[in-house]
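The structure appears right after this line, and notes come after that.
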2 protein chains.
Amino acid sequence: MHGLVHPTQDLDGPSIIGKSLQFVSYRIQTHNIFGYGYTTFLTHFDCIYLCFLECPRGHLDDNRDLKKQLMEGLDYLKDEREKAEFDVEAMKVAWAGSCEAFQVSDRMAKLVANDPVFEKFRKPTLGRKEMFKNTLRKAAYAWKLINDLHLTEEEAKWLRHYIDEPNYTDLQWEMFVPALEGQGTEEQKQKWLPLAKTMQIIGTYAQTELGHGSNVQGLETTATFDRKTDEFVIHSPTLTSSKWWPGGMAKVSTHAIVYARLIIDGHSHGVHGFIVQLRSLEDHSPLPGITVGDIGMKFGHGTYNTMDNGVVRFDCVRIPRNQMLMRVSQVTKEGKYVQSDVPRQLLYGTMVSVRQTIVADASKALSRAVCIATRYSAVRRQFGSRNGGPETQVIDYKTQQNRLFPLLASAYAFRFVSEWLRSLNTDVKQRLEANDFSTLPEAHACTAGLKSLTTAATADGIEECRKLCGGHGYLISSGLPELFAFYVPACSYEGENVVMMLQVARFLVKTVSGLGYKQPVGTAAYLGRATPLLQNSCAVQTGEDWLNSSAIVEAFEARAARMIVSCGQRIAMFENPEEGFAELSIDLVEASLAHCQLIVVSKFIQKLKEEIPGKGVKQSLEVLCYVYALFLVHKHQGDFLATGYLTPKQASLANDQLRSLYAKVRPNAVALVDAFNHTDHYLSSVLGRYDGNVYPKLYEAAWKDPLNDSDIADGIHQYVQPILKQRLHLAKL
Amino acid sequence: MHGLVHPTQDLDGPSIIGKSLQFVSYRIQTHNIFGYGYTTFLTHFDCIYLCFLECPRGHLDDNRDLKKQLMEGLDYLKDEREKAEFDVEAMKVAWAGSCEAFQVSDRMAKLVANDPVFEKFRKPTLGRKEMFKNTLRKAAYAWKLINDLHLTEEEAKWLRHYIDEPNYTDLQWEMFVPALEGQGTEEQKQKWLPLAKTMQIIGTYAQTELGHGSNVQGLETTATFDRKTDEFVIHSPTLTSSKWWPGGMAKVSTHAIVYARLIIDGHSHGVHGFIVQLRSLEDHSPLPGITVGDIGMKFGHGTYNTMDNGVVRFDCVRIPRNQMLMRVSQVTKEGKYVQSDVPRQLLYGTMVSVRQTIVADASKALSRAVCIATRYSAVRRQFGSRNGGPETQVIDYKTQQNRLFPLLASAYAFRFVSEWLRSLNTDVKQRLEANDFSTLPEAHACTAGLKSLTTAATADGIEECRKLCGGHGYLISSGLPELFAFYVPACSYEGENVVMMLQVARFLVKTVSGLGYKQPVGTAAYLGRATPLLQNSCAVQTGEDWLNSSAIVEAFEARAARMIVSCGQRIAMFENPEEGFAELSIDLVEASLAHCQLIVVSKFIQKLKEEIPGKGVKQSLEVLCYVYALFLVHKHQGDFLATGYLTPKQASLANDQLRSLYAKVRPNAVALVDAFNHTDHYLSSVLGRYDGNVYPKLYEAAWKDPLNDSDIADGIHQYVQPILKQRLHLAKL
């Protein structure tokens, strides 16, 4: 009874349906998308809901009638878009990084959004098995598309990204193949890469165990060399040695790169990677000696529950000697452990690359949340009605701006620092090829720190955006609960965030203790100017003085340098520096954060020194850059004041300036999130819809819940009516 | 194949099973629980998993053998418990508030934990409908228990609390009945309360609408008086006027108190409550003119998805005039709108009571998360192994302590401030009965602020605890994802947190502007000493000086007073104070937070001035109190420094003192969370198990996932094998 058409009938009556059908008729058309010959059409649901003509209360200008709204394509955010002071299309390019980057991601986003196979709205109502099966279908379909359309690797990556459902192919392309490429010998690469790249085998990356995550050297799985058979015996000696977490491993992967302690003649040679087949290529059943399963449900509805994160136990599983990844270390037929002439540092190069991706993903995830919260804040009105007029858009409240706009600025800041990391990555690779390892510690610390900073801020930021959407943000249909649950593991994987900050701290302490004889480079170069940075004080005298990039950078440099040097001095007072490091670890994490915030701020400023085409684009980004920096100055004013670099008056001026910048963000806010170029499919959010048509769509989404299949729900007769009729004693419970 | 017994066989072999069965045999027994004649037993699963004898790596002292562990009842946290320097049983009483309070909650917790009807572990794998039905069953069973065991109201409340599944009875007892009691006339109470209290009718509280939450005066639903028939016509004039969110409304409630704009002769008299029947008491079908359904899935798996939050639209539904709740305002037969002699302020009294409950619930929710994270941090070891010995317990890392212990202290702080709020509530009620409204604004501001402070800190704290559990915290079986998703709406409901803080600010600004002629009372009394508080400076000279409750309270008073007075002065510079208030709203929220933190700190200190029996109990609480206060001093040192009350040196001493207090918390940490007296059932967390037997139970929980029903999952044949066998072009996708 409560089917899809129900609310339409209920709300609008036949006359309005009649009107709107004219409009619908010319929107229903097949059209050709970017030359791939794919036809698409407005879905049945879109058509039906174009009939929803009733507008959010107070949202329509009284002078416009229904028909006018229709002809304008139902864009409830049109007024907001018209306010923008910059060229949105040019901003899209600035956000994407280049015209080419914009075009490829835009093409792939639309390809996914327009293909019904990739619909997502049913996901929350599916059970685990059905959801998993549906994801397998999408992955297969995507692989078919990639082949049929001859997509490039870049395109395929974007395609997978926009499908927006974690699955085994993520591991195949982001972990298994790169590990083979980075750690395999030429011979191994020749054998395994063609199989992997055509997906004749499906692989995962089996490092973490039930008992060990961060401490890789503590892994317990063993790979014991058996000289007689020229094999390794892979074994799980304890329960805690069970491999635990690898994506795709439970049900799909046929192979895994298993990290295990290499043991030769009873002697351990540390942790190495081994290619181990898990399942038969014939019938997909687990091979003898292998116990494999899923580790169970994870946070959220869909999120990573579409992924079969797995547990594996090995009972003396034998693999040929040549399945140890031997690019850096080798075991000979005779059981001799030898290092190749390939420097170990090469392996660290991959980390820089992986973390660049994580930082880029942080900006994407935060931009999704900010886009939803910004659009909804412009649609939602609450309080402040004068003389019966419309209420105030919640985006106009200062408290809302103070929570939202710094996150909007953060999304851009993280985007640009990730772009810069990409160039750092290229630089590191070139140096490694030339056997120049001099910048590696700095690059490593920098990426570890940025991974930690951006993922932590993004996780918190998504939840803040959810709260900014009020009660409706708690609905799955808002898109935000799922985005949060999907995103948060980024704080733990690929280097737990606090562990990462301690690695940064170790580098920083080493840097300042070596200042006498070694000039720091790259993002640590400012520490070479520690002496003046410890003595200077801020020159700001008016609020406008804060709109000066040198003043900003110097403030962040002075704060970081003072915190780091102070830690270094206090550690030096300990007899055992390791003990000092442990004792001061809390301060060290705070100092590392200050250092990393400096990096993000200064790379944003650096970006603004480049040419950025498009009317008003650079000006709008400048405003965001100052918002980002001054927001941090206020948030961490304790640091700035405690280190004596700022006076309370200067901190207060920064705060005043920040708040006056919000007024400059306000007219551009919706356009600034439009520039992310997110499709409605990708956002999966009723609140964040491009057209702002929030309330009718919320109402529509509700009726799709399985509980609405019938007027009287399962269980009412058995468990509620006996109570009402006072016959509970007779009921079977 | 991968059934429950599978891992046991796999891990331990028959010999160990043999050994452990002796142990199992004497644990399987029926025993009588607190005189209700209920028998209980270890479940089948518990028995099987007592067979899991393998211990977390490095967790067992090498000198103890398996058998000894067995005889000790497998308590992996025994060493931690032996370290405690206080009487845990006495602390349980201190936490509960009194012996009686402890006993009743303890009895109810065990009643729920030992009854198989209330098991929760299957919930995440159920679809929405099945889960909902199962919750209805639990609710019916609970109602039967309440009647059969003649439970008191207090006991019934705890019973519902420990069942830990939101359902319609929450609304019946916490909203519907209290609203009838508070807003109904004597006549109305006589008619409706007996029906409600025996559950012959089931009611909900229908206030929020699709378009309005915080702004109650903006509600659009209308109740138009029809003099001819002596009826009100309840109507939803727009889509956004749809009632949206009320719990239990979608599928269960037969009645609702509907808040609607009262209209008489075309003139609006503001929002009032009306008793409206939604469903037939015969067959439970919706009554004519009523469109009712579920609003769809919410954050998390179980959480509020066990609740049928509903949407209702009214199409000219008629109710008799006597179904308007008329205690305060009345409509006569002639259509005259009259105020009764009952003061409106009485209605505000209920708010104080509701918010007291929310603050108490915050302490409970935070204590659950902290309990899980603390126990797991004591079990989990990572890094720091020396000479092959056990690795370091992660609870020993300073960075872990710095994140965990302030949350542990917060749980206690919130607990004690909620106890104090209970006494405030009693005081307010007594005064209202005596027509004394003088303290109402202060009490109202205080509860609004504490609601905001405690719910925000608890939501963030739960997620922090999840992160403190590393990767495994992301598993549903850790209990933390569901706890978070369950808890976060508390930040939005019953007064959105920022809106609440602005209400506090309004009160504070009014208080300081009236200082010349009106002496502030209660929690605002310190503002009467604003002049000295603005001039004094902190006297602390050594770290020990911070262990002084007067120094702490003065610091918090000075900070809050300075921030509030500064806002007041700046607002006074605006011609229009309302405009000034809006412009300064961000600073005002910060000032309100400072005021509310002062309340929590000073009520904790006040608690410690009472007698608290039990060896070491008061001393341990004192440590927590200082941890809570000094943690806030460090977190907000920007405020303390900017207002000029502290010098950087004093702030730094506070921080040093905080960190040395962590060493005093450390040996007591596990005992401090044991004192919450949470059952394993209530925690629903493998990581937070009382016995610390984490890894085998994680492994066990994994195999219960539906994806492990078969070795080869649904979808592998259709969607994975065609890829592997390079026959994707033939596959039906």
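Letters for chains follow the order of the structure tokens (A, B, ...), residue numbers begin at 1 for each chain, and ligand numbers begin at 1 in the order shown.
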Problem set entry | Non-local contacts of Ile202 in chain B (7 Å; only C-alpha atoms; under 2 positions in same chain excluded) as JSON, numbers by chain | {"B": [172, 196, 199, 200, 253, 254, 255]}
How about saving the chosen residues, all heavy atoms kept, as an mmCIF file, in the first residue's frame?
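File written: part.cif
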```
data_model
loop_
_atom_site.group_PDB
_atom_site.id
_atom_site.type_symbol
_atom_site.label_atom_id
_atom_site.label_comp_id
_atom_site.auth_asym_id
_atom_site.auth_seq_id
_atom_site.Cartn_x
_atom_site.Cartn_y
_atom_site.Cartn_z
ATOM 1 N N GLN B 172 6.700 5.330 25.922
ATOM 2 C CA GLN B 172 5.534 5.184 26.802
ATOM 3 C C GLN B 172 5.853 5.720 28.201
ATOM 4 O O GLN B 172 5.102 6.521 28.750
ATOM 5 C CB GLN B 172 5.172 3.684 26.876
ATOM 6 C CG GLN B 172 4.035 3.344 27.824
ATOM 7 C CD GLN B 172 2.676 3.528 27.149
ATOM 8 O OE1 GLN B 172 2.571 4.122 26.066
ATOM 9 N NE2 GLN B 172 1.634 3.037 27.784
ATOM 10 N N ALA B 196 -2.795 4.063 30.133
ATOM 11 C CA ALA B 196 -1.388 4.075 29.726
ATOM 12 C C ALA B 196 -0.554 3.195 30.652
ATOM 13 O O ALA B 196 0.304 2.437 30.200
ATOM 14 C CB ALA B 196 -0.854 5.501 29.734
ATOM 15 N N MET B 199 -0.855 -0.245 29.892
ATOM 16 C CA MET B 199 -0.570 -0.453 28.470
ATOM 17 C C MET B 199 -1.781 -0.963 27.688
ATOM 18 O O MET B 199 -1.633 -1.726 26.745
ATOM 19 C CB MET B 199 0.654 -1.357 28.284
ATOM 20 C CG MET B 199 1.903 -0.682 28.839
ATOM 21 S SD MET B 199 3.437 -1.505 28.390
ATOM 22 C CE MET B 199 3.776 -0.782 26.806
ATOM 23 N N GLN B 200 -2.945 -0.485 28.057
ATOM 24 C CA GLN B 200 -4.113 -0.727 27.190
ATOM 25 C C GLN B 200 -4.073 0.223 26.005
ATOM 26 O O GLN B 200 -4.749 0.005 25.000
ATOM 27 C CB GLN B 200 -5.412 -0.546 27.971
ATOM 28 C CG GLN B 200 -5.580 -1.613 29.027
ATOM 29 C CD GLN B 200 -6.848 -1.408 29.833
ATOM 30 O OE1 GLN B 200 -7.948 -1.531 29.311
ATOM 31 N NE2 GLN B 200 -6.689 -1.071 31.101
ATOM 32 N N SER B 253 2.680 2.536 18.247
ATOM 33 C CA SER B 253 1.845 3.427 19.062
ATOM 34 C C SER B 253 0.398 3.466 18.600
ATOM 35 O O SER B 253 0.113 3.623 17.412
ATOM 36 C CB SER B 253 2.399 4.850 19.025
ATOM 37 O OG SER B 253 3.719 4.852 19.481
ATOM 38 N N THR B 254 -0.487 3.377 19.566
ATOM 39 C CA THR B 254 -1.905 3.542 19.249
ATOM 40 C C THR B 254 -2.311 4.999 19.408
ATOM 41 O O THR B 254 -3.284 5.442 18.822
ATOM 42 C CB THR B 254 -2.764 2.677 20.193
ATOM 43 O OG1 THR B 254 -2.513 3.088 21.543
ATOM 44 C CG2 THR B 254 -2.408 1.206 20.031
ATOM 45 N N HIS B 255 -1.569 5.716 20.245
ATOM 46 C CA HIS B 255 -1.889 7.118 20.515
ATOM 47 C C HIS B 255 -0.620 7.962 20.444
ATOM 48 O O HIS B 255 0.487 7.441 20.570
ATOM 49 C CB HIS B 255 -2.508 7.276 21.909
ATOM 50 C CG HIS B 255 -3.885 6.712 22.014
ATOM 51 N ND1 HIS B 255 -4.142 5.357 21.929
ATOM 52 C CD2 HIS B 255 -5.099 7.325 22.179
ATOM 53 C CE1 HIS B 255 -5.448 5.155 22.036
ATOM 54 N NE2 HIS B 255 -6.055 6.333 22.192
#
```
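Residues of range 162-269 of chain A carrying a DSSP assignment of alpha helix (DSSP H), computed from the backbone, are Tyr162, Ile163, Tyr168, Thr169, Asp170, Leu171, Val177, Pro178, Ala179, Leu180, Glu181, Gly182, Gln183, Glu186, Glu187, Gln188, Lys189, Gln190, Lys191, Trp192, Leu193, Pro194, Leu195, Ala196 and Lys197 of chain A.
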Taking 3 positions as the minimum chain separation for residues in the same chain, which residues sit within 9 Å of Val540 in chain A when counting only C-alpha atoms? Answer as an MDAnalysis selection string.
chainID A and resid 543:546 551 646 650 653
Create the file for the chosen residues now, containing N, CA, C and O atoms and written as a short mmCIF file (atom, residue, chain, number, x, y, z; two decimals), in the first residue's frame.
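Heads up, here's the output in result.cif:
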```
data_model
loop_
_atom_site.label_atom_id
_atom_site.label_comp_id
_atom_site.auth_asym_id
_atom_site.auth_seq_id
_atom_site.Cartn_x
_atom_site.Cartn_y
_atom_site.Cartn_z
N GLY A 543 43.98 43.57 12.90
CA GLY A 543 43.38 42.37 12.34
C GLY A 543 43.84 42.13 10.90
O GLY A 543 44.12 41.00 10.51
N GLU A 544 43.96 43.19 10.12
CA GLU A 544 44.37 43.06 8.71
C GLU A 544 45.79 42.50 8.60
O GLU A 544 46.13 41.87 7.60
N ASP A 545 46.62 42.78 9.59
CA ASP A 545 47.99 42.27 9.54
C ASP A 545 48.03 40.74 9.45
O ASP A 545 49.02 40.16 9.02
N TRP A 546 46.94 40.11 9.89
CA TRP A 546 46.91 38.64 9.82
C TRP A 546 46.68 38.14 8.40
O TRP A 546 46.88 36.97 8.11
N ALA A 551 53.38 36.48 7.74
CA ALA A 551 53.06 36.53 9.17
C ALA A 551 52.51 35.19 9.63
O ALA A 551 52.86 34.68 10.70
N LEU A 646 52.88 34.69 20.52
CA LEU A 646 51.78 35.64 20.39
C LEU A 646 51.41 36.23 21.74
O LEU A 646 51.55 35.58 22.77
N GLN A 650 47.15 39.74 20.18
CA GLN A 650 47.34 39.27 18.80
C GLN A 650 46.47 38.05 18.50
O GLN A 650 45.91 37.93 17.40
N LEU A 653 43.05 39.28 17.90
CA LEU A 653 42.92 39.89 16.56
C LEU A 653 42.78 38.81 15.48
O LEU A 653 42.01 38.97 14.53
#
```
Quote the spacing between CA of Pro577 in chain A and CA of Leu534 in chain A in Å to one decimal place.
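Distance reported for this atom pair: 23.1 Å.
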Computed gap from CA of Arg122 in chain A to CA of Ser367 in chain A is 23.7 Å
Task: Coordinates-based distance that separates CA of Ala663 in chain B from CA of Asp87 in chain B (Å, one decimal) - done: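 Computing it gives 18.8 Å between the two atoms.
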Which residues of range 585-611 of chain B have any atom within 10 Å of an atom in range 442-448 of chain B when counting only C-alpha atoms, and what is the closest pair of atoms for each, with the distance in Å to one decimal? Order the rows by chain and rising number and write it as a tab-separated table.
```
residue	atom	partner	partner_atom	distance
B:Ser592	CA	B:Ala445	CA	9.6
B:His595	CA	B:Cys446	CA	9.1
B:Cys596	CA	B:Cys446	CA	7.3
B:Ile599	CA	B:Cys446	CA	8.2
```
**OP:** If you run DSSP over the backbone, which residues in range 324-517 of chain A end up strand (DSSP E or B)? Put them as number ranges by chain.
**Re:** A: 324, 329-331, 337-339, 381, 393, 475
Can I get the selection written as a short mmCIF file (atom, residue, chain, number, x, y, z; two decimals), in the first residue's frame, with all heavy atoms?
```
data_model
loop_
_atom_site.label_atom_id
_atom_site.label_comp_id
_atom_site.auth_asym_id
_atom_site.auth_seq_id
_atom_site.Cartn_x
_atom_site.Cartn_y
_atom_site.Cartn_z
N MET A 324 59.06 -16.85 -2.20
CA MET A 324 59.41 -15.75 -1.30
C MET A 324 59.74 -14.56 -2.19
O MET A 324 60.42 -14.70 -3.21
CB MET A 324 60.63 -16.12 -0.45
CG MET A 324 61.23 -14.94 0.31
SD MET A 324 62.54 -15.46 1.47
CE MET A 324 63.56 -13.97 1.52
N SER A 329 65.99 -9.39 -0.25
CA SER A 329 66.69 -10.46 0.46
C SER A 329 66.38 -11.78 -0.23
O SER A 329 65.27 -11.97 -0.73
CB SER A 329 66.22 -10.56 1.91
OG SER A 329 66.12 -9.30 2.49
N GLN A 330 67.32 -12.66 -0.22
CA GLN A 330 67.10 -13.94 -0.89
C GLN A 330 67.49 -15.11 -0.01
O GLN A 330 68.34 -14.99 0.87
CB GLN A 330 67.94 -14.00 -2.18
CG GLN A 330 67.39 -13.09 -3.27
CD GLN A 330 68.46 -12.48 -4.15
OE1 GLN A 330 69.63 -12.90 -4.09
NE2 GLN A 330 68.08 -11.48 -4.91
N VAL A 331 66.86 -16.24 -0.28
CA VAL A 331 67.29 -17.49 0.35
C VAL A 331 67.72 -18.40 -0.80
O VAL A 331 66.95 -18.62 -1.74
CB VAL A 331 66.14 -18.14 1.15
CG1 VAL A 331 66.56 -19.51 1.68
CG2 VAL A 331 65.73 -17.23 2.30
N TYR A 337 70.97 -17.16 3.61
CA TYR A 337 70.19 -15.92 3.57
C TYR A 337 71.10 -14.81 3.09
O TYR A 337 72.12 -14.52 3.71
CB TYR A 337 69.68 -15.61 4.97
CG TYR A 337 68.88 -14.32 5.06
CD1 TYR A 337 67.57 -14.25 4.59
CD2 TYR A 337 69.44 -13.19 5.64
CE1 TYR A 337 66.84 -13.07 4.69
CE2 TYR A 337 68.71 -12.01 5.74
CZ TYR A 337 67.41 -11.96 5.25
OH TYR A 337 66.69 -10.79 5.35
N VAL A 338 70.80 -14.21 1.95
CA VAL A 338 71.67 -13.15 1.42
C VAL A 338 70.87 -11.91 1.05
O VAL A 338 69.70 -11.99 0.69
CB VAL A 338 72.43 -13.63 0.15
CG1 VAL A 338 73.52 -14.63 0.50
CG2 VAL A 338 71.46 -14.23 -0.86
N GLN A 339 71.53 -10.77 1.23
CA GLN A 339 70.93 -9.50 0.82
C GLN A 339 71.31 -9.25 -0.63
O GLN A 339 72.47 -9.44 -1.01
CB GLN A 339 71.51 -8.35 1.67
CG GLN A 339 71.25 -8.49 3.15
CD GLN A 339 69.82 -8.09 3.52
OE1 GLN A 339 69.11 -7.53 2.70
NE2 GLN A 339 69.42 -8.42 4.74
N ARG A 381 16.02 25.84 7.23
CA ARG A 381 15.75 27.11 7.89
C ARG A 381 15.20 26.82 9.27
O ARG A 381 14.43 25.89 9.45
CB ARG A 381 14.74 27.93 7.09
CG ARG A 381 15.27 28.41 5.76
CD ARG A 381 14.18 28.98 4.88
NE ARG A 381 14.75 29.47 3.63
CZ ARG A 381 15.13 30.72 3.41
NH1 ARG A 381 14.99 31.62 4.37
NH2 ARG A 381 15.66 31.07 2.25
N GLN A 393 18.13 30.82 7.08
CA GLN A 393 18.87 29.63 6.63
C GLN A 393 19.91 29.33 7.70
O GLN A 393 20.61 30.24 8.17
CB GLN A 393 19.60 29.95 5.32
CG GLN A 393 18.68 30.11 4.11
CD GLN A 393 19.44 30.71 2.94
OE1 GLN A 393 19.72 31.91 2.94
NE2 GLN A 393 19.76 29.90 1.95
N LEU A 475 19.86 9.98 9.98
CA LEU A 475 19.26 9.02 9.05
C LEU A 475 20.32 8.51 8.08
O LEU A 475 21.14 9.28 7.58
CB LEU A 475 18.14 9.69 8.25
CG LEU A 475 16.85 10.00 9.02
CD1 LEU A 475 15.96 10.93 8.19
CD2 LEU A 475 16.10 8.71 9.34
#
```
